[in-house]
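File shown here: upload04.tsv, holding TSV, C-alpha atoms and all ligand atoms.
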```
chain	number	residue	atom	x	y	z
A	6	MET	CA	17.17	-65.39	115.19
A	7	SER	CA	18.90	-68.35	113.59
A	8	ILE	CA	21.01	-70.81	115.54
A	9	ARG	CA	24.77	-70.47	115.06
A	10	LEU	CA	27.79	-72.55	115.96
A	11	GLY	CA	28.67	-72.19	119.63
A	12	ASP	CA	25.10	-71.28	120.67
A	13	ILE	CA	23.40	-73.28	123.40
A	14	ALA	CA	20.95	-75.60	121.65
A	15	PRO	CA	17.44	-74.45	122.62
A	16	ASP	CA	15.74	-76.72	125.13
A	17	PHE	CA	12.23	-78.02	124.44
A	18	GLU	CA	9.58	-80.47	125.55
A	19	GLN	CA	7.87	-82.42	122.77
A	20	ASP	CA	6.10	-85.75	122.20
A	21	SER	CA	8.01	-88.53	120.49
A	22	THR	CA	7.72	-92.20	119.62
A	23	GLU	CA	9.44	-92.84	122.97
A	24	GLY	CA	7.19	-90.55	125.04
A	25	LYS	CA	7.63	-86.95	126.08
A	26	ILE	CA	11.19	-85.65	125.57
A	27	ASN	CA	12.72	-82.85	127.61
A	28	PHE	CA	15.66	-82.32	125.31
A	29	HIS	CA	18.45	-81.19	127.67
A	30	ALA	CA	17.46	-83.72	130.33
A	31	TRP	CA	17.17	-86.49	127.70
A	32	LYS	CA	20.69	-85.92	126.35
A	33	GLU	CA	22.29	-85.07	129.68
A	34	GLY	CA	26.07	-85.56	129.59
A	35	LYS	CA	26.05	-86.91	126.03
A	36	TRP	CA	26.52	-85.69	122.49
A	37	ALA	CA	23.34	-85.50	120.42
A	38	VAL	CA	22.47	-85.52	116.74
A	39	LEU	CA	19.11	-83.83	116.15
A	40	PHE	CA	17.95	-84.18	112.56
A	41	SER	CA	14.78	-83.26	110.71
A	42	HIS	CA	13.30	-84.83	107.60
A	43	PRO	CA	10.46	-83.53	105.46
A	44	LYS	CA	7.66	-86.03	105.88
A	45	ASP	CA	6.58	-89.48	107.03
A	46	TYR	CA	5.90	-92.19	104.44
A	47	THR	CA	8.43	-90.76	101.96
A	48	PRO	CA	11.14	-92.84	100.30
A	49	VAL	CA	14.35	-90.91	101.01
A	50	CYS	CA	13.37	-90.38	104.66
A	51	THR	CA	12.62	-94.08	105.01
A	52	THR	CA	16.16	-94.98	103.90
A	53	GLU	CA	17.68	-92.30	106.14
A	54	LEU	CA	15.94	-93.54	109.27
A	55	GLY	CA	16.98	-97.11	108.44
A	56	SER	CA	20.59	-95.95	108.05
A	57	VAL	CA	20.62	-94.10	111.35
A	58	ALA	CA	19.10	-97.11	113.15
A	59	ARG	CA	21.70	-99.51	111.68
A	60	LEU	CA	24.48	-97.23	112.99
A	61	LYS	CA	23.36	-97.68	116.63
A	62	PRO	CA	26.68	-99.29	117.74
A	63	GLU	CA	28.62	-96.41	116.13
A	64	TRP	CA	26.57	-93.74	117.96
A	65	GLU	CA	26.97	-95.62	121.24
A	66	LYS	CA	30.74	-95.98	120.79
A	67	ARG	CA	30.96	-92.18	120.54
A	68	ASN	CA	28.58	-91.41	123.47
A	69	VAL	CA	25.99	-89.95	121.06
A	70	LYS	CA	22.18	-90.02	121.26
A	71	VAL	CA	20.25	-89.51	118.02
A	72	ILE	CA	16.78	-88.03	117.64
A	73	GLY	CA	14.74	-87.43	114.47
A	74	LEU	CA	11.91	-85.02	113.79
A	75	SER	CA	9.17	-84.40	111.29
A	76	VAL	CA	6.05	-82.28	111.37
A	77	ASP	CA	3.79	-85.33	111.30
A	78	GLY	CA	1.92	-86.67	114.32
A	79	LEU	CA	2.51	-89.73	116.48
A	80	THR	CA	-0.05	-91.91	114.68
A	81	ASP	CA	1.78	-91.42	111.38
A	82	HIS	CA	5.16	-91.98	113.04
A	83	GLN	CA	3.94	-95.27	114.50
A	84	GLY	CA	2.49	-96.53	111.22
A	85	TRP	CA	5.61	-95.50	109.31
A	86	SER	CA	7.88	-97.16	111.91
A	87	ALA	CA	6.32	-100.49	110.92
A	88	ASP	CA	7.25	-99.79	107.26
A	89	ILE	CA	10.82	-98.91	108.27
A	90	LYS	CA	11.11	-102.19	110.16
A	91	GLU	CA	9.72	-104.09	107.19
A	92	THR	CA	11.86	-102.45	104.49
A	93	GLN	CA	15.13	-101.42	106.16
A	94	GLY	CA	16.09	-104.59	108.01
A	95	THR	CA	15.97	-102.78	111.36
A	96	ALA	CA	13.38	-101.27	113.65
A	97	LEU	CA	13.65	-97.63	114.76
A	98	ASN	CA	15.84	-97.60	117.87
A	99	PHE	CA	15.80	-93.87	118.63
A	100	PRO	CA	12.97	-91.37	119.22
A	101	LEU	CA	11.19	-89.49	116.44
A	102	LEU	CA	9.74	-86.17	117.58
A	103	ALA	CA	6.11	-85.62	116.57
A	104	ASP	CA	6.28	-81.93	115.76
A	105	GLY	CA	2.80	-81.36	114.34
A	106	ASP	CA	2.62	-77.97	116.09
A	107	LYS	CA	6.05	-77.04	114.60
A	108	LYS	CA	7.29	-76.04	118.05
A	109	VAL	CA	10.77	-77.55	117.62
A	110	SER	CA	10.99	-76.92	113.86
A	111	ASP	CA	10.39	-73.21	114.43
A	112	LEU	CA	12.75	-73.07	117.40
A	113	TYR	CA	15.55	-74.61	115.31
A	114	GLY	CA	14.72	-72.90	111.98
A	115	MET	CA	14.06	-76.21	110.23
A	116	ILE	CA	11.36	-74.80	107.96
A	117	HIS	CA	12.76	-72.78	105.05
A	118	PRO	CA	9.69	-71.08	103.54
A	119	ASN	CA	11.26	-70.56	100.11
A	120	ALA	CA	11.88	-74.32	99.89
A	121	SER	CA	8.55	-75.36	101.48
A	122	ASP	CA	6.07	-73.59	103.75
A	123	THR	CA	4.87	-76.77	105.33
A	124	PHE	CA	7.71	-79.33	105.51
A	125	THR	CA	11.00	-79.30	107.36
A	126	VAL	CA	14.21	-79.40	105.32
A	127	ARG	CA	16.91	-81.98	106.11
A	128	SER	CA	18.64	-80.19	109.01
A	129	VAL	CA	21.34	-81.72	111.18
A	130	PHE	CA	22.56	-80.32	114.50
A	131	ILE	CA	25.48	-81.91	116.33
A	132	ILE	CA	25.30	-80.81	119.96
A	133	ASP	CA	28.01	-81.48	122.53
A	134	PRO	CA	27.65	-82.64	126.16
A	135	ALA	CA	27.61	-79.00	127.32
A	136	ASN	CA	24.62	-78.42	124.94
A	137	LYS	CA	26.64	-76.27	122.54
A	138	VAL	CA	25.85	-76.49	118.83
A	139	ARG	CA	28.98	-77.78	117.09
A	140	LEU	CA	27.77	-78.46	113.53
A	141	LEU	CA	24.89	-77.26	111.35
A	142	LEU	CA	24.02	-78.91	108.04
A	143	THR	CA	21.08	-78.34	105.70
A	144	TYR	CA	20.26	-80.68	102.83
A	145	PRO	CA	17.45	-80.38	100.29
A	146	ALA	CA	14.45	-82.72	100.36
A	147	ALA	CA	15.46	-84.92	97.43
A	148	THR	CA	19.01	-85.64	98.67
A	149	GLY	CA	19.49	-88.22	101.40
A	150	ARG	CA	22.26	-87.49	103.88
A	151	ASN	CA	25.50	-89.38	104.37
A	152	PHE	CA	25.48	-90.40	108.03
A	153	GLN	CA	29.05	-91.70	107.79
A	154	GLU	CA	29.96	-88.04	107.31
A	155	ILE	CA	28.13	-87.13	110.52
A	156	LEU	CA	30.12	-89.81	112.37
A	157	ARG	CA	33.34	-88.51	110.76
A	158	VAL	CA	32.61	-84.98	112.03
A	159	ILE	CA	31.89	-86.30	115.53
A	160	ASP	CA	35.25	-88.14	115.45
A	161	SER	CA	36.95	-84.90	114.44
A	162	LEU	CA	35.17	-82.83	117.12
A	163	GLN	CA	35.98	-85.34	119.86
A	164	LEU	CA	39.62	-85.53	118.76
A	165	THR	CA	40.16	-81.79	118.32
A	166	ASP	CA	38.48	-81.03	121.67
A	167	ASN	CA	41.08	-83.18	123.41
A	168	HIS	CA	44.28	-82.47	121.46
A	169	LYS	CA	45.83	-79.36	119.92
A	170	VAL	CA	45.09	-80.58	116.41
A	171	ALA	CA	42.75	-79.97	113.47
A	172	THR	CA	41.73	-82.51	110.84
A	173	PRO	CA	42.46	-82.03	107.12
A	174	ALA	CA	40.12	-82.41	104.16
A	175	ASN	CA	38.56	-85.88	103.92
A	176	TRP	CA	40.27	-86.98	107.14
A	177	LYS	CA	39.15	-90.26	108.65
A	178	GLN	CA	39.77	-91.82	112.06
A	179	GLY	CA	43.38	-93.01	112.31
A	180	GLU	CA	44.80	-90.74	109.59
A	181	ASP	CA	47.36	-87.98	110.04
A	182	VAL	CA	46.21	-84.67	111.53
A	183	ILE	CA	47.39	-81.04	111.59
A	184	ILE	CA	49.05	-79.35	114.57
A	185	VAL	CA	47.09	-76.14	115.28
A	186	PRO	CA	49.01	-73.11	113.97
A	187	ALA	CA	48.73	-71.33	117.38
A	188	LEU	CA	50.96	-73.97	118.98
A	189	LYS	CA	54.54	-72.69	118.48
A	190	ASP	CA	56.49	-73.89	121.50
A	191	GLU	CA	58.79	-76.68	120.26
A	192	ALA	CA	59.23	-78.22	123.73
A	193	GLN	CA	55.46	-78.48	124.12
A	194	ILE	CA	55.10	-79.85	120.59
A	195	LYS	CA	57.66	-82.55	121.38
A	196	LEU	CA	55.76	-83.48	124.51
A	197	LEU	CA	52.34	-83.54	122.83
A	198	PHE	CA	53.46	-85.18	119.58
A	199	PRO	CA	56.24	-87.64	120.48
A	200	LYS	CA	56.12	-89.19	116.99
A	201	GLY	CA	57.26	-85.87	115.53
A	202	TYR	CA	55.80	-83.90	112.66
A	203	LYS	CA	56.46	-82.91	109.09
A	204	ALA	CA	56.40	-79.16	108.32
A	205	VAL	CA	55.10	-78.87	104.75
A	206	LYS	CA	54.91	-75.10	105.44
A	207	PRO	CA	55.47	-73.37	108.79
A	208	TYR	CA	51.66	-73.22	109.15
A	209	LEU	CA	51.01	-76.74	107.81
A	210	ARG	CA	52.49	-79.30	110.19
A	211	ILE	CA	51.38	-82.90	109.80
A	212	THR	CA	51.59	-85.46	112.61
A	213	PRO	CA	50.19	-88.94	113.26
A	214	GLN	CA	46.84	-88.93	115.07
A	215	PRO	CA	47.58	-88.65	118.80
A	216	ALA	CA	46.79	-91.65	121.00
A	217	PRO	CA	43.59	-91.25	123.05
A	218	THR	CA	44.02	-89.84	126.56
A	219	ALA	CA	42.76	-91.87	129.53
A	220	SER	CA	39.49	-89.87	129.54
A	221	GLU	CA	38.85	-90.64	125.85
A	222	LYS	CA	39.20	-94.43	126.17
B	301	LIG	C1	11.62	-88.26	100.45
B	301	LIG	O1	11.92	-88.42	101.64
B	301	LIG	O2	11.67	-89.17	99.66
B	301	LIG	C2	11.23	-86.90	99.95
B	301	LIG	C3	10.56	-86.02	100.78
B	301	LIG	C4	10.18	-84.78	100.27
B	301	LIG	C5	10.46	-84.46	98.94
B	301	LIG	C6	11.15	-85.34	98.12
B	301	LIG	C7	11.53	-86.58	98.64
```

Could you render the structure from this file as structure tokens?
Amino acid sequence: MSIRLGDIAPDFEQDSTEGKINFHAWKEGKWAVLFSHPKDYTPVCTTELGSVARLKPEWEKRNVKVIGLSVDGLTDHQGWSADIKETQGTALNFPLLADGDKKVSDLYGMIHPNASDTFTVRSVFIIDPANKVRLLLTYPAATGRNFQEILRVIDSLQLTDNHKVATPANWKQGEDVIIVPALKDEAQIKLLFPKGYKAVKPYLRITPQPAPTASEK
């Protein structure tokens, strides 16, 4: 059965470059980005892992832990880590799961047999602090992912969890947002959106991004 949005992310125990990981305990109370890549010692994956490592301050700012996975073993991961350090201007600063037995790949449906029987595809799971799956993405092997987009989605999820808003196409932090159509009460709208809103259509109401609440700061 495939994993869907809103499901509880399956828990697992697996070896990693930072020792044994019990997934739910490891991420406790935090957001997580779990992502797979096809193989160690491959060029696109090398650039992806460098990118994710360079974004460490951005993950931390958002209370996110990141964790990679491929179906190679720890020895390969360790040798490849040295190459990443040498070529990407940063060392790995997050764990890489060594999923040689495909335990986690199978649990999360990261192997798509019609793409490859043996390698994981480029899957991304954004998982919230309550362990719910909030985003699923699948990229093909030859296309490196845009991790700024992953950060953008996390910004949207964290904002829309805390305010009665949704974010429009291509939205970025600080830009105008949409008041959710279910919110109709004008007194409540005034209270929640003191800067007012523009009704382009009755169902399309644009307002400045709300200020963070005390718990978001
Ligand atoms: C890569 O990471 O460069 C890659 C991996 C599998 C197939 C194609 C490219």

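The residue that comes closest to Asp166 (chain A), out of A:Asp106, A:Asp133, A:Asp111, A:Asp181 and on the basis of only C-alpha atoms, is A:Asp133.
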
Handout entry: Residues within 10 Å of (27.9, -92.0, 109.8), file coords, all atoms listed in the file, listed as a ChimeraX atom specification
Key = /A:56-57,59-61,63-64,150-159

Next, dump the selected residues to file, keeping only C-alpha atoms, as a short mmCIF file (atom, residue, chain, number, x, y, z; two decimals), in the frame of the given file.
```cif
data_model
loop_
_atom_site.label_atom_id
_atom_site.label_comp_id
_atom_site.auth_asym_id
_atom_site.auth_seq_id
_atom_site.Cartn_x
_atom_site.Cartn_y
_atom_site.Cartn_z
CA SER A 56 20.59 -95.95 108.05
CA VAL A 57 20.62 -94.10 111.35
CA ARG A 59 21.70 -99.51 111.68
CA LEU A 60 24.48 -97.23 112.99
CA LYS A 61 23.36 -97.68 116.63
CA GLU A 63 28.62 -96.41 116.13
CA TRP A 64 26.57 -93.74 117.96
CA ARG A 150 22.26 -87.49 103.88
CA ASN A 151 25.50 -89.38 104.37
CA PHE A 152 25.48 -90.40 108.03
CA GLN A 153 29.05 -91.70 107.79
CA GLU A 154 29.96 -88.04 107.31
CA ILE A 155 28.13 -87.13 110.52
CA LEU A 156 30.12 -89.81 112.37
CA ARG A 157 33.34 -88.51 110.76
CA VAL A 158 32.61 -84.98 112.03
CA ILE A 159 31.89 -86.30 115.53
#
```

Handout entry: Expected answer as a ChimeraX atom specification: all residues with atoms within 12 Å of (18.1, -84.8, 113.4), all atoms listed in the file
Key = /A:37-43,50,53-54,57,70-75,99-102,109-110,113,115,125-132,140-144,150,152,155

Exercise for the section: Just give me the gap between CA of Lys90 (chain A) and CA of Ala147 (chain A) in Å, one decimal is fine. Expected result: 21.9 Å

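Contact shell of Lys222 (chain A) at 12 Å (all atoms listed in the file; same-chain neighbours under 2 positions omitted): Lys66, Arg67, Asn68, Gln163, Leu164, Asn167, Ala216, Pro217, Thr218, Ala219 and Ser220 of chain A.
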
Problem - Shell of 8 Å around ligand LIG 301 (chain B) (only C-alpha atoms and all ligand atoms), written as a ChimeraX atom specification - result: /A:42-51,124,146-149

Practice task
Would you mind listing what lies within 8 Å of region 200-211 of chain A as a count of residues only, with all atoms listed in the file counted and same-chain residues fewer than 3 positions away left out?
Solution key: 6

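Around Ser161 (chain A), within 8 Å and counting only C-alpha atoms, the residues found are Ala171, Thr172 and Gln178 of chain A, once anything fewer than 5 positions away on its own chain is removed.
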
Next, the residues of the selection above should be written as an mmCIF file, in the coordinates of the input with C-alpha atoms.
```cif
data_model
loop_
_atom_site.group_PDB
_atom_site.id
_atom_site.type_symbol
_atom_site.label_atom_id
_atom_site.label_comp_id
_atom_site.auth_asym_id
_atom_site.auth_seq_id
_atom_site.Cartn_x
_atom_site.Cartn_y
_atom_site.Cartn_z
ATOM 1 C CA ALA A 171 42.750 -79.970 113.470
ATOM 2 C CA THR A 172 41.730 -82.510 110.840
ATOM 3 C CA GLN A 178 39.770 -91.820 112.060
#
```

Practice task
Could you tell me which of A:Thr80, A:Thr123, A:Ser7, A:Thr95 comes closest to Asp20 (chain A) if we count all atoms listed in the file?
Solution key: A:Thr80

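One distance worth recording is that between CA of Gly84 (chain A) and CA of Ile26 (chain A), which is 20.0 Å.
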
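The nearest approach to Lys189 (chain A) among the residues A:Lys169, A:Asp16, A:Leu162, A:Asn98, with only C-alpha atoms taken into account, belongs to A:Lys169.
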
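When CA of Gln19 (chain A) is paired with CA of Ser86 (chain A), their separation reads 18.3 Å.
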
Output as AutoDock Vina command-line options the centre and edge lengths (Å, one decimal) of the box along x, y and z of the file that holds every listed atom of region 185-188 of chain A after adding 8 Å on each side.
```
--center_x 49.0 --center_y -73.7 --center_z 116.5 --size_x 19.9 --size_y 20.8 --size_z 21.0
```

Handout entry: Of the listed residues A:Thr22, A:Thr92, A:Asn136, A:Asn175, that which approaches Thr52 (chain A) most closely, counting all atoms listed in the file
Key = A:Thr92
